[in-house]
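Structure data (CSV, N, CA and C atoms) from model.csv:
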chain,number,residue,atom,x,y,z
A,15,MET,N,-6.3,3.9,-10.9
A,15,MET,CA,-5.0,4.1,-10.2
A,15,MET,C,-4.3,2.7,-9.9
A,16,TYR,N,-5.2,1.7,-9.7
A,16,TYR,CA,-4.6,0.4,-9.4
A,16,TYR,C,-3.9,-0.3,-10.6
A,17,GLU,N,-4.4,0.1,-11.8
A,17,GLU,CA,-3.8,-0.4,-13.0
A,17,GLU,C,-2.4,0.2,-13.1
A,18,GLN,N,-2.2,1.5,-12.8
A,18,GLN,CA,-0.9,2.1,-12.8
A,18,GLN,C,0.0,1.5,-11.7
A,19,ALA,N,-0.6,1.1,-10.6
A,19,ALA,CA,0.2,0.5,-9.5
A,19,ALA,C,0.7,-0.9,-10.0
A,20,LYS,N,-0.2,-1.7,-10.7
A,20,LYS,CA,0.2,-3.0,-11.2
A,20,LYS,C,1.4,-2.8,-12.2
A,21,ALA,N,1.3,-1.8,-13.0
A,21,ALA,CA,2.4,-1.5,-14.0
A,21,ALA,C,3.6,-1.1,-13.3
A,22,ALA,N,3.5,-0.4,-12.2
A,22,ALA,CA,4.6,0.0,-11.4
A,22,ALA,C,5.3,-1.2,-10.7
A,23,ILE,N,4.6,-2.2,-10.4
A,23,ILE,CA,5.2,-3.4,-9.8
A,23,ILE,C,6.1,-4.0,-10.8
A,24,THR,N,5.7,-4.1,-12.1
A,24,THR,CA,6.5,-4.7,-13.1
A,24,THR,C,7.7,-3.8,-13.3
A,25,GLN,N,7.6,-2.5,-13.3
A,25,GLN,CA,8.7,-1.6,-13.5
A,25,GLN,C,9.7,-1.7,-12.4
A,26,VAL,N,9.2,-1.9,-11.2
A,26,VAL,CA,10.1,-2.0,-10.0
A,26,VAL,C,10.8,-3.4,-10.1
A,27,GLN,N,10.1,-4.4,-10.5
A,27,GLN,CA,10.8,-5.7,-10.6
A,27,GLN,C,11.9,-5.7,-11.7
A,28,GLN,N,11.7,-4.9,-12.7
A,28,GLN,CA,12.7,-4.8,-13.8
A,28,GLN,C,13.8,-3.7,-13.5
A,29,ALA,N,13.6,-2.9,-12.5
A,29,ALA,CA,14.6,-1.8,-12.2
A,29,ALA,C,16.0,-2.4,-11.9
A,30,LYS,N,16.9,-1.6,-12.4
A,30,LYS,CA,18.3,-2.0,-12.2
A,30,LYS,C,18.9,-1.8,-10.8
A,31,GLY,N,18.3,-0.8,-10.1
A,31,GLY,CA,18.8,-0.4,-8.8
A,31,GLY,C,17.8,0.3,-8.0
A,32,TRP,N,18.2,0.7,-6.8
A,32,TRP,CA,17.3,1.4,-5.9
A,32,TRP,C,16.8,2.7,-6.5
A,33,GLN,N,17.7,3.5,-7.1
A,33,GLN,CA,17.3,4.8,-7.6
A,33,GLN,C,16.2,4.7,-8.7
A,34,ASP,N,16.3,3.6,-9.5
A,34,ASP,CA,15.2,3.4,-10.5
A,34,ASP,C,13.9,3.0,-9.8
A,35,LYS,N,14.0,2.2,-8.8
A,35,LYS,CA,12.8,1.8,-8.1
A,35,LYS,C,12.2,3.0,-7.4
A,36,TYR,N,13.0,3.8,-6.8
A,36,TYR,CA,12.6,5.0,-6.0
A,36,TYR,C,11.8,5.9,-7.0
A,37,ARG,N,12.4,6.1,-8.2
A,37,ARG,CA,11.7,7.0,-9.1
A,37,ARG,C,10.3,6.5,-9.5
A,38,VAL,N,10.2,5.2,-9.8
A,38,VAL,CA,8.9,4.6,-10.1
A,38,VAL,C,7.9,4.8,-9.0
A,39,ILE,N,8.4,4.5,-7.8
A,39,ILE,CA,7.5,4.6,-6.6
A,39,ILE,C,7.0,6.0,-6.4
A,40,MET,N,8.0,7.0,-6.5
A,40,MET,CA,7.6,8.4,-6.3
A,40,MET,C,6.6,8.9,-7.3
A,41,LEU,N,6.8,8.5,-8.6
A,41,LEU,CA,5.9,8.9,-9.6
A,41,LEU,C,4.5,8.3,-9.3
A,42,LEU,N,4.4,7.0,-8.9
A,42,LEU,CA,3.2,6.4,-8.6
A,42,LEU,C,2.5,7.2,-7.4
A,43,GLY,N,3.3,7.5,-6.4
A,43,GLY,CA,2.8,8.2,-5.2
A,43,GLY,C,2.2,9.5,-5.5
A,44,LYS,N,2.7,10.1,-6.6
A,44,LYS,CA,2.2,11.4,-7.1
A,44,LYS,C,0.8,11.3,-7.7
A,45,VAL,N,0.5,10.2,-8.3
A,45,VAL,CA,-0.8,10.0,-8.9
A,45,VAL,C,-1.9,9.3,-8.1
A,46,VAL,N,-1.5,8.8,-6.9
A,46,VAL,CA,-2.5,8.2,-6.0
A,46,VAL,C,-3.4,9.3,-5.6
A,47,PRO,N,-4.7,9.2,-5.8
A,47,PRO,CA,-5.7,10.2,-5.4
A,47,PRO,C,-5.6,10.5,-3.9
A,48,GLU,N,-5.8,11.7,-3.5
A,48,GLU,CA,-5.8,12.1,-2.1
A,48,GLU,C,-7.1,11.7,-1.5
A,49,LEU,N,-7.0,11.2,-0.3
A,49,LEU,CA,-8.2,10.8,0.4
A,49,LEU,C,-9.0,12.0,0.8
A,50,PRO,N,-10.4,12.0,0.6
A,50,PRO,CA,-11.2,13.2,1.0
A,50,PRO,C,-11.0,13.5,2.4
A,51,ALA,N,-11.1,14.7,2.8
A,51,ALA,CA,-10.8,15.2,4.1
A,51,ALA,C,-11.8,14.5,5.1
A,52,GLU,N,-13.0,14.2,4.7
A,52,GLU,CA,-13.9,13.6,5.7
A,52,GLU,C,-13.6,12.1,6.0
A,53,LEU,N,-12.7,11.5,5.2
A,53,LEU,CA,-12.2,10.2,5.5
A,53,LEU,C,-10.9,10.2,6.3
A,54,LYS,N,-10.3,11.3,6.5
A,54,LYS,CA,-9.0,11.4,7.3
A,54,LYS,C,-9.4,11.5,8.7
A,55,GLN,N,-10.0,10.5,9.3
A,55,GLN,CA,-10.4,10.4,10.7
A,55,GLN,C,-9.5,9.5,11.4
A,56,ASP,N,-9.5,9.6,12.7
A,56,ASP,CA,-8.7,8.7,13.6
A,56,ASP,C,-9.0,7.3,13.4
A,57,GLN,N,-10.2,6.9,13.1
A,57,GLN,CA,-10.6,5.5,12.9
A,57,GLN,C,-9.9,4.9,11.7
A,58,HIS,N,-9.5,5.7,10.8
A,58,HIS,CA,-8.8,5.2,9.6
A,58,HIS,C,-7.3,5.4,9.6
A,59,LEU,N,-6.8,6.0,10.7
A,59,LEU,CA,-5.4,6.3,10.9
A,59,LEU,C,-4.6,5.0,11.1
A,60,VAL,N,-3.5,4.8,10.4
A,60,VAL,CA,-2.7,3.6,10.6
A,60,VAL,C,-1.6,3.9,11.7
A,61,GLU,N,-1.8,3.2,12.8
A,61,GLU,CA,-0.8,3.4,13.9
A,61,GLU,C,0.5,2.7,13.5
A,62,GLY,N,1.6,3.3,13.8
A,62,GLY,CA,2.9,2.8,13.5
A,62,GLY,C,3.6,3.3,12.3
A,63,CYS,N,3.0,4.3,11.6
A,63,CYS,CA,3.6,4.9,10.5
A,63,CYS,C,4.3,6.1,10.9
A,64,GLU,N,5.5,6.4,10.3
A,64,GLU,CA,6.3,7.6,10.7
A,64,GLU,C,5.5,8.8,10.3
A,65,SER,N,4.9,8.8,9.1
A,65,SER,CA,4.1,9.9,8.7
A,65,SER,C,2.6,9.6,8.9
A,66,ALA,N,1.7,10.6,8.8
A,66,ALA,CA,0.3,10.3,8.9
A,66,ALA,C,-0.1,9.5,7.7
A,67,ALA,N,-0.9,8.4,8.0
A,67,ALA,CA,-1.4,7.5,6.9
A,67,ALA,C,-2.8,7.0,7.3
A,68,TRP,N,-3.6,6.9,6.3
A,68,TRP,CA,-5.0,6.5,6.5
A,68,TRP,C,-5.3,5.4,5.5
A,69,LEU,N,-6.1,4.4,6.0
A,69,LEU,CA,-6.5,3.3,5.2
A,69,LEU,C,-8.0,3.1,5.4
A,70,VAL,N,-8.7,3.1,4.3
A,70,VAL,CA,-10.2,3.0,4.4
A,70,VAL,C,-10.5,1.7,3.5
A,71,ALA,N,-11.2,0.8,4.2
A,71,ALA,CA,-11.6,-0.5,3.5
A,71,ALA,C,-13.1,-0.6,3.5
A,72,SER,N,-13.6,-1.0,2.3
A,72,SER,CA,-15.1,-1.2,2.3
A,72,SER,C,-15.3,-2.5,1.5
A,73,GLN,N,-16.4,-3.1,1.8
A,73,GLN,CA,-16.8,-4.4,1.2
A,73,GLN,C,-18.1,-4.2,0.5
A,74,HIS,N,-18.1,-4.7,-0.7
A,74,HIS,CA,-19.3,-4.6,-1.6
A,74,HIS,C,-19.6,-6.0,-2.2
A,75,ASN,N,-20.7,-6.7,-1.8
A,75,ASN,CA,-21.0,-8.0,-2.3
A,75,ASN,C,-19.8,-9.0,-2.0
A,76,GLY,N,-19.2,-8.8,-0.9
A,76,GLY,CA,-18.1,-9.7,-0.5
A,76,GLY,C,-16.7,-9.3,-1.0
A,77,TYR,N,-16.6,-8.4,-1.9
A,77,TYR,CA,-15.3,-8.0,-2.5
A,77,TYR,C,-14.9,-6.7,-1.8
A,78,TRP,N,-13.6,-6.6,-1.5
A,78,TRP,CA,-13.0,-5.5,-0.8
A,78,TRP,C,-12.4,-4.5,-1.7
A,79,SER,N,-12.6,-3.2,-1.3
A,79,SER,CA,-12.0,-2.1,-2.0
A,79,SER,C,-11.3,-1.2,-1.0
A,80,PHE,N,-10.2,-0.6,-1.4
A,80,PHE,CA,-9.3,0.1,-0.5
A,80,PHE,C,-9.0,1.5,-1.0
A,81,GLN,N,-9.0,2.4,-0.1
A,81,GLN,CA,-8.5,3.8,-0.3
A,81,GLN,C,-7.4,4.0,0.7
A,82,PHE,N,-6.3,4.7,0.2
A,82,PHE,CA,-5.2,4.9,1.1
A,82,PHE,C,-4.6,6.3,0.8
A,83,ASP,N,-4.1,7.0,1.9
A,83,ASP,CA,-3.4,8.2,1.7
A,83,ASP,C,-2.3,8.3,2.8
A,84,ALA,N,-1.3,9.0,2.5
A,84,ALA,CA,-0.2,9.3,3.5
A,84,ALA,C,0.4,10.6,3.1
A,85,ASP,N,1.0,11.2,4.2
A,85,ASP,CA,1.8,12.4,4.0
A,85,ASP,C,3.0,12.2,3.2
A,86,ALA,N,3.6,11.0,3.2
A,86,ALA,CA,4.8,10.7,2.5
A,86,ALA,C,4.5,10.0,1.2
A,87,ARG,N,5.0,10.6,0.1
A,87,ARG,CA,4.7,10.1,-1.3
A,87,ARG,C,5.3,8.7,-1.5
A,88,ILE,N,6.4,8.4,-0.9
A,88,ILE,CA,7.0,7.1,-1.1
A,88,ILE,C,6.1,6.0,-0.5
A,89,ILE,N,5.5,6.3,0.6
A,89,ILE,CA,4.6,5.3,1.3
A,89,ILE,C,3.4,5.2,0.5
A,90,LYS,N,2.9,6.3,-0.1
A,90,LYS,CA,1.7,6.2,-0.9
A,90,LYS,C,2.0,5.3,-2.1
A,91,GLY,N,3.1,5.4,-2.7
A,91,GLY,CA,3.5,4.6,-3.9
A,91,GLY,C,3.6,3.1,-3.5
A,92,VAL,N,4.3,2.8,-2.4
A,92,VAL,CA,4.6,1.5,-2.0
A,92,VAL,C,3.2,0.8,-1.7
A,93,VAL,N,2.4,1.5,-0.9
A,93,VAL,CA,1.2,0.9,-0.4
A,93,VAL,C,0.2,0.7,-1.6
A,94,ALA,N,0.2,1.6,-2.6
A,94,ALA,CA,-0.6,1.5,-3.8
A,94,ALA,C,-0.3,0.2,-4.5
A,95,MET,N,1.0,-0.1,-4.6
A,95,MET,CA,1.4,-1.3,-5.3
A,95,MET,C,0.9,-2.6,-4.5
A,96,LEU,N,1.0,-2.5,-3.2
A,96,LEU,CA,0.6,-3.7,-2.4
A,96,LEU,C,-0.9,-3.8,-2.5
A,97,LEU,N,-1.7,-2.7,-2.4
A,97,LEU,CA,-3.1,-2.8,-2.4
A,97,LEU,C,-3.6,-3.3,-3.8
A,98,SER,N,-2.9,-2.9,-4.8
A,98,SER,CA,-3.4,-3.3,-6.2
A,98,SER,C,-3.4,-4.8,-6.3
A,99,SER,N,-2.6,-5.5,-5.5
A,99,SER,CA,-2.6,-7.0,-5.6
A,99,SER,C,-3.8,-7.7,-4.9
A,100,ILE,N,-4.5,-6.9,-4.0
A,100,ILE,CA,-5.6,-7.5,-3.3
A,100,ILE,C,-7.0,-6.7,-3.6
A,101,GLU,N,-6.9,-5.7,-4.3
A,101,GLU,CA,-8.1,-4.9,-4.6
A,101,GLU,C,-9.2,-5.8,-5.3
A,102,GLY,N,-10.4,-5.8,-4.9
A,102,GLY,CA,-11.5,-6.6,-5.5
A,102,GLY,C,-11.5,-8.0,-5.1
A,103,LYS,N,-10.7,-8.4,-4.1
A,103,LYS,CA,-10.7,-9.8,-3.7
A,103,LYS,C,-11.6,-10.0,-2.5
A,104,VAL,N,-11.9,-11.3,-2.2
A,104,VAL,CA,-12.7,-11.6,-1.0
A,104,VAL,C,-11.8,-11.8,0.2
A,105,SER,N,-12.4,-11.8,1.4
A,105,SER,CA,-11.6,-11.9,2.6
A,105,SER,C,-10.6,-13.1,2.6
A,106,ALA,N,-11.1,-14.3,2.2
A,106,ALA,CA,-10.3,-15.5,2.3
A,106,ALA,C,-9.1,-15.3,1.4
A,107,GLU,N,-9.2,-14.7,0.2
A,107,GLU,CA,-8.1,-14.5,-0.7
A,107,GLU,C,-7.1,-13.5,-0.1
A,108,ILE,N,-7.6,-12.5,0.5
A,108,ILE,CA,-6.7,-11.5,1.1
A,108,ILE,C,-6.0,-12.1,2.3
A,109,GLN,N,-6.6,-12.8,3.1
A,109,GLN,CA,-6.0,-13.5,4.3
A,109,GLN,C,-4.9,-14.4,3.9
A,110,HIS,N,-5.0,-15.1,2.7
A,110,HIS,CA,-4.0,-16.0,2.2
A,110,HIS,C,-3.0,-15.4,1.4
A,111,HIS,N,-3.2,-14.1,1.0
A,111,HIS,CA,-2.2,-13.4,0.1
A,111,HIS,C,-1.2,-12.8,1.0
A,112,GLU,N,0.1,-13.1,0.7
A,112,GLU,CA,1.2,-12.6,1.6
A,112,GLU,C,1.7,-11.3,1.0
A,113,LEU,N,1.1,-10.2,1.5
A,113,LEU,CA,1.6,-8.9,1.1
A,113,LEU,C,3.0,-8.6,1.5
A,114,ILE,N,3.4,-9.2,2.6
A,114,ILE,CA,4.8,-9.0,3.0
A,114,ILE,C,5.8,-9.6,2.0
A,115,ASN,N,5.4,-10.8,1.4
A,115,ASN,CA,6.2,-11.4,0.4
A,115,ASN,C,6.3,-10.6,-0.8
A,116,LEU,N,5.3,-9.9,-1.2
A,116,LEU,CA,5.3,-9.0,-2.4
A,116,LEU,C,6.3,-7.9,-2.1
A,117,PHE,N,6.1,-7.3,-0.9
A,117,PHE,CA,7.0,-6.2,-0.5
A,117,PHE,C,8.5,-6.6,-0.5
A,118,ASN,N,8.7,-7.8,0.1
A,118,ASN,CA,10.1,-8.3,0.1
A,118,ASN,C,10.6,-8.6,-1.3
A,119,SER,N,9.8,-9.2,-2.1
A,119,SER,CA,10.2,-9.6,-3.5
A,119,SER,C,10.5,-8.4,-4.4
A,120,LEU,N,10.0,-7.3,-4.1
A,120,LEU,CA,10.3,-6.1,-4.8
A,120,LEU,C,11.6,-5.4,-4.4
A,121,GLY,N,12.1,-5.9,-3.3
A,121,GLY,CA,13.4,-5.4,-2.8
A,121,GLY,C,13.3,-4.0,-2.2
A,122,LEU,N,12.1,-3.7,-1.6
A,122,LEU,CA,11.9,-2.4,-1.1
A,122,LEU,C,12.4,-2.2,0.3
A,123,SER,N,12.5,-3.2,1.1
A,123,SER,CA,12.9,-3.1,2.5
A,123,SER,C,14.4,-2.6,2.5
A,124,GLN,N,15.2,-2.9,1.5
A,124,GLN,CA,16.6,-2.5,1.5
A,124,GLN,C,16.7,-1.0,1.3
A,125,GLY,N,15.8,-0.4,0.6
A,125,GLY,CA,15.9,1.0,0.3
A,125,GLY,C,15.2,2.0,1.2
A,126,LEU,N,14.2,1.4,1.9
A,126,LEU,CA,13.4,2.3,2.9
A,126,LEU,C,14.1,2.3,4.2
A,127,SER,N,13.9,3.4,4.9
A,127,SER,CA,14.4,3.4,6.3
A,127,SER,C,13.6,2.4,7.2
A,128,PRO,N,14.2,2.0,8.3
A,128,PRO,CA,13.5,1.0,9.1
A,128,PRO,C,12.1,1.6,9.6
A,129,SER,N,12.0,2.9,9.8
A,129,SER,CA,10.7,3.4,10.3
A,129,SER,C,9.7,3.4,9.2
A,130,ARG,N,10.2,3.6,7.9
A,130,ARG,CA,9.2,3.5,6.8
A,130,ARG,C,8.8,2.1,6.5
A,131,SER,N,9.8,1.1,6.6
A,131,SER,CA,9.4,-0.3,6.5
A,131,SER,C,8.4,-0.7,7.6
A,132,ASN,N,8.6,-0.2,8.8
A,132,ASN,CA,7.7,-0.5,9.9
A,132,ASN,C,6.3,0.0,9.6
A,133,GLY,N,6.2,1.2,8.9
A,133,GLY,CA,5.0,1.8,8.5
A,133,GLY,C,4.3,0.9,7.5
A,134,VAL,N,5.0,0.4,6.6
A,134,VAL,CA,4.4,-0.5,5.6
A,134,VAL,C,3.9,-1.8,6.3
A,135,HIS,N,4.6,-2.3,7.2
A,135,HIS,CA,4.2,-3.5,8.0
A,135,HIS,C,2.9,-3.2,8.7
A,136,ALA,N,2.8,-1.9,9.3
A,136,ALA,CA,1.6,-1.5,10.0
A,136,ALA,C,0.4,-1.5,9.1
A,137,VAL,N,0.6,-1.0,7.8
A,137,VAL,CA,-0.5,-1.0,6.9
A,137,VAL,C,-0.9,-2.4,6.6
A,138,ILE,N,0.0,-3.3,6.3
A,138,ILE,CA,-0.3,-4.7,6.0
A,138,ILE,C,-1.1,-5.3,7.2
A,139,GLU,N,-0.7,-5.1,8.4
A,139,GLU,CA,-1.4,-5.6,9.5
A,139,GLU,C,-2.8,-5.0,9.6
A,140,LYS,N,-3.0,-3.8,9.3
A,140,LYS,CA,-4.3,-3.2,9.4
A,140,LYS,C,-5.2,-3.8,8.3
A,141,VAL,N,-4.7,-4.0,7.1
A,141,VAL,CA,-5.4,-4.7,6.0
A,141,VAL,C,-5.9,-6.0,6.5
A,142,ARG,N,-5.0,-6.8,7.2
A,142,ARG,CA,-5.4,-8.1,7.7
A,142,ARG,C,-6.5,-8.0,8.7
A,143,ASP,N,-6.4,-7.0,9.6
A,143,ASP,CA,-7.4,-6.9,10.7
A,143,ASP,C,-8.7,-6.5,10.1
A,144,LEU,N,-8.7,-5.5,9.2
A,144,LEU,CA,-10.0,-5.0,8.6
A,144,LEU,C,-10.7,-6.1,7.8
A,145,THR,N,-10.0,-7.0,7.1
A,145,THR,CA,-10.6,-8.0,6.2
A,145,THR,C,-10.8,-9.3,6.9
A,146,SER,N,-10.4,-9.4,8.1
A,146,SER,CA,-10.6,-10.7,8.8
A,146,SER,C,-12.0,-10.9,9.4
A,147,ALA,N,-12.7,-9.9,9.5
A,147,ALA,CA,-14.1,-10.0,10.2
A,147,ALA,C,-15.1,-10.6,9.2
As structure tokens, what does this structure read like?
Amino acid sequence: MYEQAKAAITQVQQAKGWQDKYRVIMLLGKVVPELPAELKQDQHLVEGCESAAWLVASQHNGYWSFQFDADARIIKGVVAMLLSSIEGKVSAEIQHHELINLFNSLGLSQGLSPSRSNGVHAVIEKVRDLTSA
């Protein structure tokens, strides 16, 4: 799924306008695997998202892996692109990686509602919190 997300980043960067970006993001959001029900627990809930969203982070041999799900397909697509840029990295790399810069460079904040953008910011903050320990 993260390979598709990386390809979607390129497509969004090359998109002519918001409608083209939106289509790419929605298609990606459709293929993001649903989080198993047993992982949709309060401890994984992302506070500050307009729709319900869950982020699960796990570390294996120092490298981080992420699972994400949301009720809103557009958020699933956006977050999948962001997480693809840090999947399999160590904490120090993630802490120095500016996810917000990627979000802004893709021009997504202009097309999303303020509450959706705030939700993306909440996910980014949760990633930082989870990987800082």
Would you please extract all strand (DSSP E) residues from region 24-129 of chain A, as assigned by DSSP on the backbone, and give them as a count of residues only? 16
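Between CA of Ala66 (chain A) and CA of Ser146 (chain A) the interatomic distance comes to 23.7 Å.
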Using only C-alpha atoms, what table do you get, as JSON lines, when you list each residue of region 22-85 of chain A with an atom no more than 6 Å from region 115-136 of chain A, its nearest pair of atoms, and their distance in Å rounded to one decimal, rows by chain then rising number?
{"residue": "A:Gln27", "atom": "CA", "partner": "A:Leu120", "partner_atom": "CA", "distance": 5.8}
{"residue": "A:Gly62", "atom": "CA", "partner": "A:Gly133", "partner_atom": "CA", "distance": 5.5}
{"residue": "A:Cys63", "atom": "CA", "partner": "A:Gly133", "partner_atom": "CA", "distance": 3.9}
How close does each residue of region 46-116 of chain A get to region 33-42 of chain A, giving the shortest atom pair and distance in Å to one decimal for every residue with an atom at most 6 Å away, counting all atoms listed in the file, sorted by chain and residue number, as a Markdown table?
| residue | atom | partner | partner_atom | distance |
| --- | --- | --- | --- | --- |
| A:Val46 | N | A:Leu42 | C | 4.3 |
| A:Arg87 | C | A:Met40 | CA | 5.3 |
| A:Ile88 | CA | A:Met40 | CA | 5.4 |
| A:Lys90 | C | A:Leu42 | C | 5.7 |
| A:Gly91 | CA | A:Leu42 | C | 4.5 |
| A:Val92 | N | A:Ile39 | CA | 5.6 |
Write out as a list in words which residues come within 7 Å of Leu69 (chain A) when counting only C-alpha atoms, dropping same-chain ones fewer than 4 positions away. His58, Leu59, Val60, Gln81, Phe82 and Asp83 of chain A
Identify, with DSSP run on backbone atoms, the residues in chain A assigned to helix (DSSP H, G or I), and express the list as a ChimeraX atom specification. /A:16-28,32-45,51-53,56-58,87-98,105-110,113-119,128-145
